[in-house]
$ cat coords20.txt   # compact mmCIF, C-alpha atoms
# COMPACT_ATOMS: atom_id res chain seq x y z
CA MET J 1 0.00 0.00 0.00
CA SER J 2 1.52 3.30 -1.12
CA PHE J 3 1.41 6.37 1.11
CA ASP J 4 -0.23 9.38 -0.54
CA VAL J 5 1.71 12.59 0.32
CA SER J 6 -1.20 14.69 -0.90
CA TRP J 7 -3.16 13.85 2.26
CA ILE J 8 -0.45 15.41 4.38
CA LEU J 9 -0.38 18.51 2.24
CA LEU J 10 -4.18 18.79 2.56
CA GLY J 11 -4.25 18.08 6.32
CA LEU J 12 -1.71 20.68 7.39
CA PRO J 13 -3.79 23.70 6.39
CA LEU J 14 -6.92 22.14 7.95
CA THR J 15 -5.09 21.55 11.23
CA PHE J 16 -3.82 25.13 11.29
CA VAL J 17 -7.30 26.53 10.63
CA ALA J 18 -8.85 24.35 13.37
CA GLY J 19 -6.21 25.44 15.89
CA TRP J 20 -6.67 29.07 14.99
CA LEU J 21 -10.46 28.82 15.41
CA ALA J 22 -10.09 27.08 18.78
CA SER J 23 -7.72 29.75 20.07
CA ARG J 24 -10.08 32.48 18.96
CA LEU J 25 -12.99 30.81 20.74
CA ASP J 26 -10.96 30.46 23.97
CA LEU J 27 -9.81 34.07 23.75
CA HIS J 28 -13.36 35.24 23.17
CA GLN J 29 -14.61 33.29 26.21
CA LEU J 30 -11.76 34.65 28.33
CA ARG J 31 -12.60 38.20 27.31
CA ILE J 32 -16.27 37.66 28.24
CA GLU J 33 -15.31 36.30 31.67
CA ASN J 34 -12.81 39.10 32.26
CA ARG J 35 -15.46 41.67 31.41
CA GLN J 36 -18.01 40.06 33.73
CA ALA J 37 -15.69 39.73 36.75
CA PRO J 38 -14.44 43.34 36.87
CA LYS J 39 -17.90 44.63 36.12
CA ALA J 40 -19.38 42.77 39.10
CA TYR J 41 -16.38 43.71 41.25
CA PHE J 42 -16.61 47.43 40.52
CA LYS J 43 -20.36 47.33 40.94
CA GLY J 44 -19.88 45.80 44.40
CA LEU J 45 -17.22 48.39 45.25
CA ASN J 46 -19.59 51.18 44.22
CA PHE J 47 -22.35 49.80 46.44
CA LEU J 48 -19.88 49.47 49.30
CA LEU J 49 -18.76 53.09 49.00
CA ASN J 50 -22.41 54.14 49.08
CA GLU J 51 -22.94 52.03 52.23
CA GLN J 52 -25.36 49.71 50.41
CA GLN J 53 -24.05 46.50 51.92
CA ASP J 54 -26.87 44.21 50.76
CA GLN J 55 -26.34 45.16 47.10
CA ALA J 56 -22.54 44.98 47.56
CA ILE J 57 -22.79 41.42 48.87
CA ASP J 58 -24.94 40.36 45.90
CA ALA J 59 -22.43 41.90 43.48
CA PHE J 60 -19.45 40.23 45.14
CA ILE J 61 -21.24 36.86 45.15
CA GLU J 62 -21.78 37.30 41.41
CA ALA J 63 -18.09 38.15 40.96
CA VAL J 64 -17.01 35.08 42.97
CA GLN J 65 -19.26 32.85 40.87
CA ASN J 66 -17.70 34.26 37.68
CA ASP J 67 -14.17 33.85 39.01
CA PRO J 68 -14.10 31.35 41.91
CA ASP J 69 -10.29 31.36 42.06
CA THR J 70 -10.00 35.04 43.02
CA SER J 71 -9.04 35.06 46.70
CA GLU J 72 -9.38 38.83 47.12
CA LEU J 73 -13.08 38.65 46.31
CA HIS J 74 -13.50 35.96 48.94
CA PHE J 75 -11.76 38.11 51.53
CA ALA J 76 -13.94 41.10 50.65
CA LEU J 77 -17.09 38.98 50.84
CA GLY J 78 -16.10 37.39 54.16
CA ASN J 79 -15.32 40.77 55.73
CA LEU J 80 -18.66 42.13 54.58
CA PHE J 81 -20.50 39.19 56.13
CA ARG J 82 -18.63 39.74 59.41
CA ARG J 83 -19.42 43.46 59.48
CA ARG J 84 -23.11 42.67 58.98
CA GLY J 85 -23.10 40.15 61.82
CA GLU J 86 -23.58 37.18 59.46
CA TYR J 87 -20.80 35.25 61.15
CA GLU J 88 -21.83 31.81 59.91
CA ARG J 89 -21.57 32.92 56.29
CA ALA J 90 -18.25 34.66 56.98
CA VAL J 91 -16.90 31.45 58.53
CA ARG J 92 -17.97 29.44 55.47
CA VAL J 93 -16.18 31.85 53.11
CA HIS J 94 -12.93 31.79 55.07
CA GLU J 95 -13.05 28.03 55.63
CA HIS J 96 -13.47 27.61 51.86
CA LEU J 97 -10.34 29.69 51.33
CA LEU J 98 -8.37 27.60 53.83
CA SER J 99 -9.45 24.38 52.07
CA ARG J 100 -8.01 25.49 48.73
CA GLY J 101 -4.79 23.74 47.81
CA ASP J 102 -3.64 26.49 45.45
CA LEU J 103 -3.66 29.24 48.12
CA ASN J 104 -0.22 30.72 48.78
CA GLU J 105 1.19 30.83 52.33
CA ALA J 106 0.52 34.55 52.86
CA ASP J 107 -3.14 34.26 51.86
CA HIS J 108 -3.50 31.09 53.94
CA GLN J 109 -2.30 32.95 57.04
CA ARG J 110 -4.56 35.88 56.19
CA ALA J 111 -7.56 33.55 55.89
CA GLN J 112 -6.67 31.92 59.22
CA HIS J 113 -6.60 35.36 60.87
CA ALA J 114 -9.93 36.32 59.28
CA LEU J 115 -11.49 33.05 60.49
CA ALA J 116 -10.28 33.74 64.03
CA LEU J 117 -11.90 37.19 63.91
CA ASP J 118 -15.16 35.57 62.73
CA TYR J 119 -15.17 33.27 65.75
CA LEU J 120 -14.33 36.13 68.12
CA LYS J 121 -17.17 38.29 66.79
CA ALA J 122 -19.56 35.35 67.00
CA GLY J 123 -18.61 34.76 70.65
CA LEU J 124 -17.25 31.26 69.92
CA LEU J 125 -14.33 31.70 72.29
CA ASP J 126 -13.00 28.12 72.21
CA ARG J 127 -12.85 28.06 68.41
CA ALA J 128 -11.38 31.55 68.37
CA GLU J 129 -8.62 30.45 70.75
CA ALA J 130 -7.73 27.46 68.58
CA ALA J 131 -7.67 29.61 65.43
CA LEU J 132 -5.53 32.31 67.05
CA LEU J 133 -2.98 29.84 68.39
CA LYS J 134 -2.34 28.68 64.82
CA LEU J 135 -1.04 32.16 63.99
CA GLU J 136 2.04 31.84 66.23
CA GLY J 137 5.16 32.51 64.18
CA THR J 138 3.26 34.32 61.40
CA PRO J 139 3.11 38.03 60.50
CA PHE J 140 -0.25 38.07 62.35
CA GLU J 141 1.32 36.87 65.61
CA GLU J 142 1.14 40.21 67.42
CA GLN J 143 -2.48 40.84 66.39
CA ALA J 144 -3.34 37.26 67.32
CA ARG J 145 -1.80 37.62 70.78
CA LEU J 146 -3.68 40.84 71.46
CA ALA J 147 -6.92 39.17 70.35
CA LEU J 148 -6.06 36.11 72.43
CA LEU J 149 -5.46 38.37 75.44
CA ALA J 150 -8.90 39.94 74.98
CA ASN J 151 -10.37 36.46 74.56
CA TYR J 152 -8.90 35.18 77.83
CA GLU J 153 -10.00 38.36 79.65
CA ARG J 154 -13.51 37.94 78.29
CA SER J 155 -13.65 34.34 79.52
CA ARG J 156 -11.96 35.41 82.80
CA ASP J 157 -9.11 32.94 82.33
CA TRP J 158 -6.63 35.11 84.21
CA PRO J 159 -3.64 32.68 84.33
CA GLN J 160 -3.72 32.25 80.54
CA ALA J 161 -4.19 36.00 80.05
CA ALA J 162 -1.10 36.56 82.22
CA LEU J 163 0.99 34.21 80.06
CA VAL J 164 0.02 36.08 76.89
CA ALA J 165 0.67 39.46 78.54
CA GLN J 166 4.14 38.28 79.59
CA LYS J 167 4.90 37.22 76.00
CA LEU J 168 3.80 40.61 74.70
CA THR J 169 6.00 42.37 77.26
CA ALA J 170 8.97 40.15 76.38
CA ASP J 171 8.53 40.94 72.68
CA GLY J 172 8.58 44.66 73.39
CA GLN J 173 4.90 45.19 72.57
CA GLY J 174 4.31 47.35 75.66
CA ASN J 175 4.40 47.26 79.44
CA PHE J 176 1.68 45.00 80.81
CA ASP J 177 2.72 45.12 84.48
CA THR J 178 -0.41 47.00 85.59
CA ARG J 179 -2.57 44.59 83.60
CA LEU J 180 -0.81 41.64 85.23
CA ALA J 181 -1.51 43.19 88.65
CA HIS J 182 -5.20 43.42 87.74
CA TYR J 183 -5.22 39.73 86.82
CA LEU J 184 -3.77 38.83 90.21
CA CYS J 185 -6.35 41.04 91.95
CA GLU J 186 -9.14 39.33 90.00
CA GLN J 187 -7.86 35.94 91.16
CA ALA J 188 -7.67 37.25 94.73
CA ASP J 189 -11.28 38.48 94.49
CA ALA J 190 -12.33 35.00 93.36
CA CYS J 191 -10.54 33.47 96.36
CA VAL J 192 -12.31 35.85 98.74
CA SER J 193 -15.66 35.00 97.14
CA ASP J 194 -14.86 31.31 97.65
CA GLN J 195 -14.16 31.96 101.35
CA GLU J 196 -10.44 31.34 100.88
CA PRO J 197 -8.81 34.58 102.08
CA ASP J 198 -5.51 32.83 102.86
CA ARG J 199 -5.05 32.14 99.14
CA ALA J 200 -5.90 35.74 98.27
CA LEU J 201 -3.21 37.31 100.47
CA PRO J 202 -0.11 36.10 98.53
CA LEU J 203 -1.78 37.01 95.24
CA LEU J 204 -2.24 40.60 96.40
CA HIS J 205 1.34 40.83 97.63
CA GLN J 206 2.49 39.52 94.23
CA ALA J 207 0.32 42.15 92.53
CA ILE J 208 1.95 44.92 94.62
CA ALA J 209 5.41 43.64 93.69
CA THR J 210 4.42 43.49 89.99
CA ALA J 211 3.05 47.04 89.83
CA PRO J 212 4.15 49.04 92.92
CA GLU J 213 2.49 52.26 91.73
CA ALA J 214 -0.89 50.68 90.95
CA PRO J 215 -3.53 51.62 93.57
CA ARG J 216 -5.79 48.59 93.21
CA PRO J 217 -3.62 45.89 94.87
CA ARG J 218 -3.08 47.94 98.04
CA ILE J 219 -6.75 48.99 98.20
CA ALA J 220 -7.77 45.34 97.85
CA LEU J 221 -5.19 44.31 100.46
CA ALA J 222 -6.55 46.90 102.90
CA GLN J 223 -10.10 45.62 102.36
CA LEU J 224 -8.98 42.03 103.01
CA LEU J 225 -7.03 42.98 106.14
CA THR J 226 -9.96 45.04 107.43
CA SER J 227 -12.31 42.09 106.98
CA GLN J 228 -9.85 39.99 109.03
CA GLY J 229 -9.81 42.59 111.83
CA ASN J 230 -6.26 43.76 111.13
CA ALA J 231 -6.92 47.51 111.02
CA GLN J 232 -3.32 48.59 111.70
CA GLU J 233 -1.88 46.80 108.65
CA ALA J 234 -4.86 47.87 106.55
CA TYR J 235 -4.21 51.50 107.49
CA ALA J 236 -0.51 51.13 106.60
CA ALA J 237 -1.41 49.65 103.19
CA LEU J 238 -3.71 52.58 102.35
CA GLU J 239 -1.23 55.15 103.59
CA VAL J 240 1.40 53.74 101.23
CA ALA J 241 -1.19 53.62 98.43
CA LEU J 242 -1.93 57.32 98.92
CA HIS J 243 1.75 58.18 98.49
CA ALA J 244 2.33 55.75 95.60
CA ALA J 245 -0.80 56.65 93.61
CA ALA J 246 -1.80 60.24 94.45
CA PRO J 247 -4.36 60.52 91.57
CA ALA J 248 -6.33 57.71 93.24
CA ALA J 249 -6.74 59.73 96.48
CA PRO J 250 -10.53 60.12 96.02
CA LEU J 251 -10.84 56.31 96.06
CA ILE J 252 -8.62 55.94 99.12
CA ALA J 253 -9.50 58.91 101.34
CA MET J 254 -12.71 57.78 103.09
CA ALA J 255 -11.47 54.24 103.80
CA LEU J 256 -8.22 55.72 105.16
CA ALA J 257 -10.16 58.14 107.39
CA LYS J 258 -12.28 55.32 108.87
CA LEU J 259 -9.18 53.23 109.60
CA ALA J 260 -7.44 56.27 111.08
CA ILE J 261 -10.31 56.71 113.54
CA GLN J 262 -10.09 53.01 114.52
CA THR J 263 -6.32 52.99 114.94
CA GLY J 264 -5.80 56.42 116.52
CA HIS J 265 -4.05 58.01 113.54
CA THR J 266 -6.52 60.86 113.19
CA PRO J 267 -4.17 63.90 113.47
CA GLN J 268 -1.55 62.75 110.96
CA THR J 269 -4.22 61.44 108.58
CA HIS J 270 -6.07 64.75 108.77
CA GLN J 271 -2.88 66.60 107.82
CA LEU J 272 -2.11 64.11 105.05
CA LEU J 273 -5.56 64.50 103.48
CA MET J 274 -5.37 68.29 103.88
CA ASN J 275 -2.15 68.30 101.88
CA HIS J 276 -3.77 66.23 99.13
CA TYR J 277 -6.85 68.43 99.06
CA GLU J 278 -4.83 71.63 98.82
CA ALA J 279 -2.74 70.18 95.98
CA ASN J 280 -5.72 68.77 94.08
CA PRO J 281 -9.20 69.58 95.50
CA SER J 282 -11.63 66.66 95.46
CA LEU J 283 -15.03 66.20 97.08
CA ASP J 284 -14.27 62.63 98.18
CA VAL J 285 -11.10 63.80 99.95
CA LEU J 286 -13.08 66.69 101.46
CA ASP J 287 -15.73 64.26 102.76
CA ALA J 288 -12.97 62.28 104.49
CA ILE J 289 -11.57 65.46 106.10
CA VAL J 290 -15.05 66.42 107.37
CA ALA J 291 -15.52 62.87 108.73
CA LEU J 292 -12.24 63.11 110.65
CA GLU J 293 -13.10 66.52 112.11
CA ALA J 294 -16.52 65.27 113.21
CA THR J 295 -14.87 62.73 115.56
CA GLN J 296 -12.87 65.30 117.48
CA SER J 297 -13.82 65.77 121.15
CA THR J 298 -14.48 69.40 120.40
CA PRO J 299 -15.81 69.34 116.85
CA SER J 300 -14.64 72.21 114.71
CA PRO J 301 -17.47 74.68 114.10
CA THR J 302 -16.12 75.09 110.57
CA ALA J 303 -16.44 71.41 109.55
CA ARG J 304 -19.48 72.05 107.33
CA ASP J 305 -17.99 75.32 106.17
CA TRP J 306 -15.47 73.24 104.24
CA TYR J 307 -18.19 72.81 101.59
CA VAL J 308 -18.60 76.58 101.38
CA HIS J 309 -14.83 76.86 101.02
CA HIS J 310 -14.98 74.31 98.20
CA LEU J 311 -17.74 76.29 96.47
CA GLU J 312 -15.55 79.37 96.49
CA HIS J 313 -13.10 77.55 94.22
CA GLU J 314 -15.26 74.98 92.41
CA PRO J 315 -18.94 75.33 91.39
CA SER J 316 -20.37 72.11 92.80
CA LEU J 317 -24.00 71.14 93.20
CA ILE J 318 -22.92 68.18 95.34
CA ALA J 319 -21.09 70.46 97.80
CA ALA J 320 -24.06 72.84 97.87
CA ALA J 321 -26.46 69.98 98.66
CA LYS J 322 -24.24 68.73 101.50
CA TRP J 323 -23.94 72.18 103.01
CA ILE J 324 -27.69 72.86 102.85
CA ALA J 325 -28.41 69.45 104.45
CA GLY J 326 -27.25 70.80 107.82
CA GLU J 327 -28.32 74.40 107.39
CA LYS J 328 -31.37 76.02 109.00
CA LEU J 329 -33.41 77.77 106.34
CA GLU J 330 -35.67 80.75 106.79
CA HIS J 331 -38.64 78.59 105.82
CA GLU J 332 -37.49 75.42 107.50
CA GLN J 333 -40.80 73.65 106.83
CA PHE J 334 -39.82 73.45 103.16
CA HIS J 335 -36.36 72.09 103.87
CA PRO J 336 -37.21 68.36 103.28
CA GLN J 337 -38.71 69.10 99.85
CA VAL J 338 -35.74 71.24 98.83
CA GLN J 339 -33.30 68.62 100.09
CA ARG J 340 -35.05 65.81 98.18
CA ALA J 341 -34.92 67.87 94.99
CA LEU J 342 -31.21 68.57 95.44
CA ASP J 343 -30.41 64.95 96.28
CA HIS J 344 -32.25 63.84 93.15
CA ALA J 345 -30.41 66.40 91.02
CA VAL J 346 -26.96 65.36 92.23
CA LYS J 347 -27.42 61.60 91.69
CA PRO J 348 -26.16 61.63 88.06
CA LEU J 349 -23.23 63.80 89.14
CA LEU J 350 -22.10 61.23 91.70
CA ARG J 351 -21.51 58.58 89.02
CA TYR J 352 -18.22 57.50 87.51
CA ARG J 353 -17.80 57.66 83.73
CA CYS J 354 -15.58 55.51 81.52
CA ALA J 355 -13.18 57.71 79.54
CA ALA J 356 -13.12 55.16 76.71
CA CYS J 357 -16.81 54.55 76.00
CA GLY J 358 -18.73 56.89 78.32
CA PHE J 359 -20.40 54.08 80.31
CA GLU J 360 -21.57 55.49 83.66
CA ALA J 361 -21.91 53.60 86.93
CA LYS J 362 -22.60 54.32 90.60
CA GLN J 363 -19.40 52.55 91.65
CA HIS J 364 -15.85 52.77 90.40
CA PHE J 365 -14.70 49.90 88.16
CA TRP J 366 -11.13 48.89 87.37
CA GLN J 367 -12.36 47.32 84.12
CA CYS J 368 -15.24 48.96 82.28
CA PRO J 369 -18.28 46.65 82.07
CA GLY J 370 -19.16 48.28 78.74
CA CYS J 371 -16.00 48.31 76.62
CA GLN J 372 -13.80 46.06 78.82
CA ALA J 373 -11.04 48.72 78.96
CA TRP J 374 -8.76 48.66 82.00
CA ASP J 375 -8.24 51.73 84.22
CA SER J 376 -10.57 53.79 82.02
CA TYR J 377 -12.60 55.10 84.99
CA PRO J 378 -11.08 58.26 86.52
CA ALA J 379 -11.01 58.35 90.31
CA ARG J 380 -13.17 61.48 90.19
CA ARG J 381 -16.92 61.57 89.77
CA VAL J 382 -18.76 63.00 86.78
CA GLU J 383 -19.21 66.46 88.28
CA GLU J 384 -15.47 66.89 88.77
CA LEU J 385 -14.37 65.77 85.32

$ encode --input "coords20.txt" --output "C-alpha cells"
Amino acid sequence: MSFDVSWILLGLPLTFVAGWLASRLDLHQLRIENRQAPKAYFKGLNFLLNEQQDQAIDAFIEAVQNDPDTSELHFALGNLFRRRGEYERAVRVHEHLLSRGDLNEADHQRAQHALALDYLKAGLLDRAEAALLKLEGTPFEEQARLALLANYERSRDWPQAALVAQKLTADGQGNFDTRLAHYLCEQADACVSDQEPDRALPLLHQAIATAPEAPRPRIALAQLLTSQGNAQEAYAALEVALHAAAPAAPLIAMALAKLAIQTGHTPQTHQLLMNHYEANPSLDVLDAIVALEATQSTPSPTARDWYVHHLEHEPSLIAAAKWIAGEKLEHEQFHPQVQRALDHAVKPLLRYRCAACGFEAKQHFWQCPGCQAWDSYPARRVEEL
C-alpha cells in the first residue's frame, strides 16, 4: 500500500485553521469572563462606598461565581458578612479559602486570621482560641496575641491571660505590668468570694510587687485585712497607696479616714488629706476630712464650712447639697422638699464615667463593664471631670 503525500499537504492547512479557530474561541470566552468579573467587582465596590451592603454582597457573590479562584473577592465577601453580623456565612467563606490547595502561604495565614476574627465576633471563644494559636510565628502573631489576650480576659481565664501578657512584654509590645496586677487582683477576688482569704493574700502581695504604683492591689489588700480585723496593717497599706498613687486619692480617702479613727491616727491622717486636698481639690477627699473633724472631742465649728470653702473655688451642686443638708433655712418647713430635689439632682453627678466609652456607673470599676477597657474610669466623679 503506497502512502499518498497529498493527504499530508491537505491536512496541514486544515489543522492550522482548526487550531486558529479554537484559540479564537478560547480568547473570546476569556474576554467575556474578564469583562463580567471586573464589572461585578466594581459594581460591588460602588455599592460598598455608598454604604449599600446588601447590594454589595450580591455583586461580590456574582463576581465570585464568575471567578471562583480570586481570593481577594473571597476576603472582601467574608469581611462584609462579618461586618453585617452574618458570622456563619463569613466562617464558610474563610473556611473555603483555607481548604483550597492552590492558596499561597501569605493568603493562607490571612484567611486563618480572618477566620479567628469571625469566631471572636460570634462569641465562639473556644474556636477563636484554637484559630488564634495557629497564627504563632506568622506576621499576624502580634495581632493574634492581642486578640487572644482579649479572649482570655472575656472568659476570665486570668492565668492564661497573664501568660500572653508576659509574651507581649517580652517581645517589646508594651508594658503589661499594671494589667498583670489586675489579673492577680481578679484571682484574689475570686478566692475571697470562695471563702479562701488565705489564698488571696499572697496574690495581692504579688500584685503589689508586679506594679508598685498601681492603687488597686493595696486597696484590695486593705479591704482584706480590714475584713480579718487587722486595722493597723490595713491603714498602713492605704497610707502607702496614697503616696504611691496620688491621683487615686478620692478612692482611698474615706477608707483611710475610717481606719485612722479606729487605729488612733486621726491627726496625721487629717494633715495628710489636707495636703492632698490643697494640691488637688476633690469632694471625696473633702468628705474624708469632714468625717475626721466630726470625731474630734471638740468638733470644729467650721467642719461644714469646708463645703462653702470648696464652692468658692469649684462650682459644685454636690457640695451645695451637702452644706444645705445641715443648714437652717428661713422657711425650715420646706427644707425636706428642697433637700429631696437637690439629692435627686446630684445623683447623676455622683456617678463615675468611663473615659473610653462613656459608660456610667454608681461605683468605680477597674475594668469597664461596657467596653472592657482597663483603668478607664477616673477616680473622680462625673461632676469633677

$ atom_distance --input "coords20.txt" --atom1 "CA of Ala260 in chain J" --atom2 "CA of Tyr235 in chain J"
6.8 Å

$ closest_residue --input "coords20.txt" --among "J:Gln228, J:Glu312, J:Arg82, J:Cys371" --to "Gly358 in chain J" --atoms "all atoms listed in the file"
J:Cys371

$ atom_distance --input "coords20.txt" --atom1 "CA of His276 in chain J" --atom2 "CA of Leu242 in chain J"
9.1 Å

$ atom_distance --input "coords20.txt" --atom1 "CA of Phe365 in chain J" --atom2 "CA of Val346 in chain J"
20.1 Å

$ closest_residue --input "coords20.txt" --among "J:Ala114, J:Ala214, J:Ala231, J:Ala321" --to "Pro247 in chain J" --atoms "all atoms listed in the file"
J:Ala214

$ residues_around --input "coords20.txt" --residues "Asp171 in chain J" --least-positions-apart "5" --cutoff "12 Å" --atoms "all atoms listed in the file" --output "compact mmCIF listing (two decimals) with C-alpha atoms, in the frame of the given file"
# COMPACT_ATOMS: atom_id res chain seq x y z
CA GLU J 141 1.32 36.87 65.61
CA GLU J 142 1.14 40.21 67.42
CA ARG J 145 -1.80 37.62 70.78
CA VAL J 164 0.02 36.08 76.89
CA ALA J 165 0.67 39.46 78.54
CA GLN J 166 4.14 38.28 79.59
CA PHE J 176 1.68 45.00 80.81

$ closest_residue --input "coords20.txt" --among "J:Leu259, J:Leu73, J:Ala200, J:Ile208" --to "Leu180 in chain J" --atoms "all atoms listed in the file"
J:Ile208
